[in-house]
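First the structure, in the form of structure tokens, and then the observations on it.
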Amino acid sequence: AGNGARDVDISSITRLLVKSHPWDEMIGRLDKKAEVPKIFSLVPIDDFLVYFQKPSSFDALEAALKEKASLGDSFFDMKEVAGIKKEIATRLGISDIRRLESLAGEFAFVSEDLSFVPGTDYALIFAPEKKDTSDIATLIESDKSSHGSVGAYYVIAASDKLFQRIKEAYEGR
């Protein structure tokens with residue numbers, strides 16, 4: 001015991017007391033009437049979602065994806081997202097993305113995978129500004145994607161399979 005070591009009886013050590021976070025009080029302050037946007041009911045379970053309540057343009061999606069990529073290219077397998085907006089429009093067969101933006105209100109970008117690897121299916125779901133969606137349909141090459149109205153929303157999906165999954169989600173299945 002010449003090396004500075006001491007024996008201490010464990011029962012003589014005072015327990016640390018840490019005050020718990022006031023969860024009940026904080027939860028009680030929350031507005032219990034907060035609603036999840038209805039567009040979320042179209043998103044299939046376990047799919048990735050980027051939601052914009054009132055986008056001024058689709059550029060907000062590209063900015064969000066750039067931010068996501070900055071978290072780590074190796075994790076997300078994304079080298080370049082600068083042109084993602086154009087790539088999404090091309091893959092979904094949207095001939096004039098600027099015109100489509102002017103016809104859309106809130107929207108959601110839905111993907112089956114976070115990495116956006118080639119072949120990953122994704123979709124745009126949006127609330128049309130007008131009930132008549134014939135203008136929207138003219139902006140989409142039908143052989144490149146599946147598209148159409150689902151409830152009060154318009155869906156443009158990279159595959160018929162994803163389009164059907166979105167319809168099933170909307171139907172509660």
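Chain labels A, B, ... are given in the sequence in which chains occur in the structure tokens; within each chain residues are numbered consecutively from 1, and ligands are likewise numbered from 1 in the order shown.
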- Compile the contact shell of Ala137 (chain A) as a list in words: residues with an atom at most 8 Å away, counting only C-alpha atoms, same-chain residues fewer than 4 positions apart removed.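 These residues fall inside the cut-off: Thr133, His147 and Gly148 of chain A.
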- Query: Neighbours of Arg165 (chain A) within 12 Å (only C-alpha atoms; same-chain residues fewer than 3 positions away dropped), as a list in words?
  - Reply: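 Near Arg165 (chain A), the qualifying residues are Ser41, Leu42, Val43, Pro44, Ile45, Asp46, Asp47, Val110, Ser111, Glu112, Asp121, Tyr122, Ala123, Ser146, Val150, Val155, Ala157, Ala158, Ser159, Asp160, Lys161, Leu162, Glu168, Ala169, Tyr170, Glu171, Gly172 and Arg173 of chain A.
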I need the chosen residues saved as a PDB file, in the first residue's frame, with C-alpha atoms.
ATOM      1  CA  SER A  41     -50.863   8.768 -46.115  1.00  0.00           C
ATOM      2  CA  LEU A  42     -49.646   8.073 -49.648  1.00  0.00           C
ATOM      3  CA  VAL A  43     -46.086   7.206 -48.600  1.00  0.00           C
ATOM      4  CA  PRO A  44     -45.460   3.442 -48.404  1.00  0.00           C
ATOM      5  CA  ILE A  45     -44.099   2.203 -45.089  1.00  0.00           C
ATOM      6  CA  ASP A  46     -40.287   2.256 -44.832  1.00  0.00           C
ATOM      7  CA  ASP A  47     -39.807   4.537 -47.854  1.00  0.00           C
ATOM      8  CA  VAL A 110     -40.532   9.365 -52.094  1.00  0.00           C
ATOM      9  CA  SER A 111     -37.750   6.840 -52.649  1.00  0.00           C
ATOM     10  CA  GLU A 112     -37.440   3.156 -51.902  1.00  0.00           C
ATOM     11  CA  ASP A 121     -37.584   3.627 -57.790  1.00  0.00           C
ATOM     12  CA  TYR A 122     -38.810   7.004 -56.641  1.00  0.00           C
ATOM     13  CA  ALA A 123     -41.847   9.185 -57.084  1.00  0.00           C
ATOM     14  CA  SER A 146     -46.613   5.661 -64.149  1.00  0.00           C
ATOM     15  CA  VAL A 150     -54.542   9.254 -56.226  1.00  0.00           C
ATOM     16  CA  VAL A 155     -48.355  10.876 -58.433  1.00  0.00           C
ATOM     17  CA  ALA A 157     -43.646   7.185 -60.142  1.00  0.00           C
ATOM     18  CA  ALA A 158     -40.612   5.630 -61.804  1.00  0.00           C
ATOM     19  CA  SER A 159     -42.347   2.248 -61.891  1.00  0.00           C
ATOM     20  CA  ASP A 160     -45.845   0.844 -61.918  1.00  0.00           C
ATOM     21  CA  LYS A 161     -44.918  -1.218 -58.844  1.00  0.00           C
ATOM     22  CA  LEU A 162     -44.166   1.919 -56.792  1.00  0.00           C
ATOM     23  CA  GLU A 168     -52.233   0.871 -51.565  1.00  0.00           C
ATOM     24  CA  ALA A 169     -50.796   3.150 -48.876  1.00  0.00           C
ATOM     25  CA  TYR A 170     -53.492   5.715 -49.655  1.00  0.00           C
ATOM     26  CA  GLU A 171     -56.128   2.973 -49.337  1.00  0.00           C
ATOM     27  CA  GLY A 172     -54.693   2.028 -45.930  1.00  0.00           C
ATOM     28  CA  ARG A 173     -53.186  -1.259 -47.094  1.00  0.00           C
TER      29      ARG A 173
END
- What separation in Å, quoted to one decimal, exists between CA of Lys38 (chain A) and CA of Asp135 (chain A)?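 We find that CA of Lys38 (chain A) and CA of Asp135 (chain A) lie 23.3 Å from each other.
Using only C-alpha atoms, the nearest neighbour of Phe107 (chain A) within the list A:Gln164, A:Gln53, A:Ser11, A:Ser134 is A:Gln53.
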- Have a look at A:Met26, A:Ala89, A:Ile125, A:Leu139 and name the one nearest to Leu49 (chain A); count only C-alpha atoms.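 Of A:Met26, A:Ala89, A:Ile125, A:Leu139, the one nearest Leu49 (chain A) is A:Ile125, counting only C-alpha atoms.
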- Using only C-alpha atoms, pick whichever of A:Ile84, A:Ala5, A:Leu103, A:Ile27 has the shortest atom-to-atom distance to Asp132 (chain A).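 Of A:Ile84, A:Ala5, A:Leu103, A:Ile27, the one nearest Asp132 (chain A) is A:Leu103, counting only C-alpha atoms.
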- Query: What is the distance between CA of Lys86 (chain A) and CA of Phe40 (chain A), in Å to one decimal?
  - Reply: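 CA of Phe40 (chain A) lies 24.4 Å from CA of Lys86 (chain A).
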- Query: What is the CA of Lys131 (chain A) to CA of Ala63 (chain A) distance in Å?
  - Reply: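 Distance reported for this atom pair: 29.0 Å.
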- Message: List the spatial neighbours of Ala104 (chain A) as a list in words - criterion: any atom at most 8 Å away, only C-alpha atoms, same-chain residues fewer than 2 positions off excluded.
- Response: Leu100, Glu101, Ser102, Glu106, Phe107, Phe126, Ala127, Pro128 and Glu129 of chain A
Could you save those same residues with N, CA, C and O atoms as a PDB file, in the first residue's frame?
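Heads up, here's the output in part31.pdb:
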ATOM      1  N   LEU A 100     -44.302  22.214 -64.471  1.00  0.00           N
ATOM      2  CA  LEU A 100     -44.909  21.331 -63.470  1.00  0.00           C
ATOM      3  C   LEU A 100     -44.889  21.998 -62.097  1.00  0.00           C
ATOM      4  O   LEU A 100     -45.878  21.946 -61.367  1.00  0.00           O
ATOM      5  N   GLU A 101     -43.789  22.648 -61.762  1.00  0.00           N
ATOM      6  CA  GLU A 101     -43.678  23.354 -60.479  1.00  0.00           C
ATOM      7  C   GLU A 101     -44.779  24.390 -60.324  1.00  0.00           C
ATOM      8  O   GLU A 101     -45.337  24.563 -59.241  1.00  0.00           O
ATOM      9  N   SER A 102     -45.109  25.064 -61.405  1.00  0.00           N
ATOM     10  CA  SER A 102     -46.127  26.111 -61.326  1.00  0.00           C
ATOM     11  C   SER A 102     -47.532  25.542 -61.132  1.00  0.00           C
ATOM     12  O   SER A 102     -48.442  26.262 -60.740  1.00  0.00           O
ATOM     13  N   GLU A 106     -48.112  21.668 -52.247  1.00  0.00           N
ATOM     14  CA  GLU A 106     -47.225  20.858 -51.408  1.00  0.00           C
ATOM     15  C   GLU A 106     -46.806  19.616 -52.182  1.00  0.00           C
ATOM     16  O   GLU A 106     -47.539  19.135 -53.039  1.00  0.00           O
ATOM     17  N   PHE A 107     -45.613  19.104 -51.897  1.00  0.00           N
ATOM     18  CA  PHE A 107     -45.191  17.889 -52.572  1.00  0.00           C
ATOM     19  C   PHE A 107     -44.276  17.056 -51.698  1.00  0.00           C
ATOM     20  O   PHE A 107     -43.710  17.531 -50.711  1.00  0.00           O
ATOM     21  N   PHE A 126     -47.742  15.184 -55.320  1.00  0.00           N
ATOM     22  CA  PHE A 126     -48.006  16.592 -55.058  1.00  0.00           C
ATOM     23  C   PHE A 126     -49.490  16.902 -55.137  1.00  0.00           C
ATOM     24  O   PHE A 126     -50.278  16.177 -55.736  1.00  0.00           O
ATOM     25  N   ALA A 127     -49.835  18.002 -54.499  1.00  0.00           N
ATOM     26  CA  ALA A 127     -51.202  18.511 -54.541  1.00  0.00           C
ATOM     27  C   ALA A 127     -51.298  19.465 -55.726  1.00  0.00           C
ATOM     28  O   ALA A 127     -50.645  20.504 -55.725  1.00  0.00           O
ATOM     29  N   PRO A 128     -52.093  19.126 -56.728  1.00  0.00           N
ATOM     30  CA  PRO A 128     -52.248  20.043 -57.860  1.00  0.00           C
ATOM     31  C   PRO A 128     -52.946  21.325 -57.422  1.00  0.00           C
ATOM     32  O   PRO A 128     -53.804  21.302 -56.549  1.00  0.00           O
ATOM     33  N   GLU A 129     -52.556  22.429 -58.013  1.00  0.00           N
ATOM     34  CA  GLU A 129     -53.179  23.717 -57.704  1.00  0.00           C
ATOM     35  C   GLU A 129     -54.611  23.776 -58.227  1.00  0.00           C
ATOM     36  O   GLU A 129     -55.427  24.491 -57.700  1.00  0.00           O
TER      37      GLU A 129
END
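Ranking A:Leu92, A:Glu25, A:Tyr153, A:Phe163 by their shortest atom-to-atom distance to Glu141 (chain A), with only C-alpha atoms included, puts A:Leu92 first.
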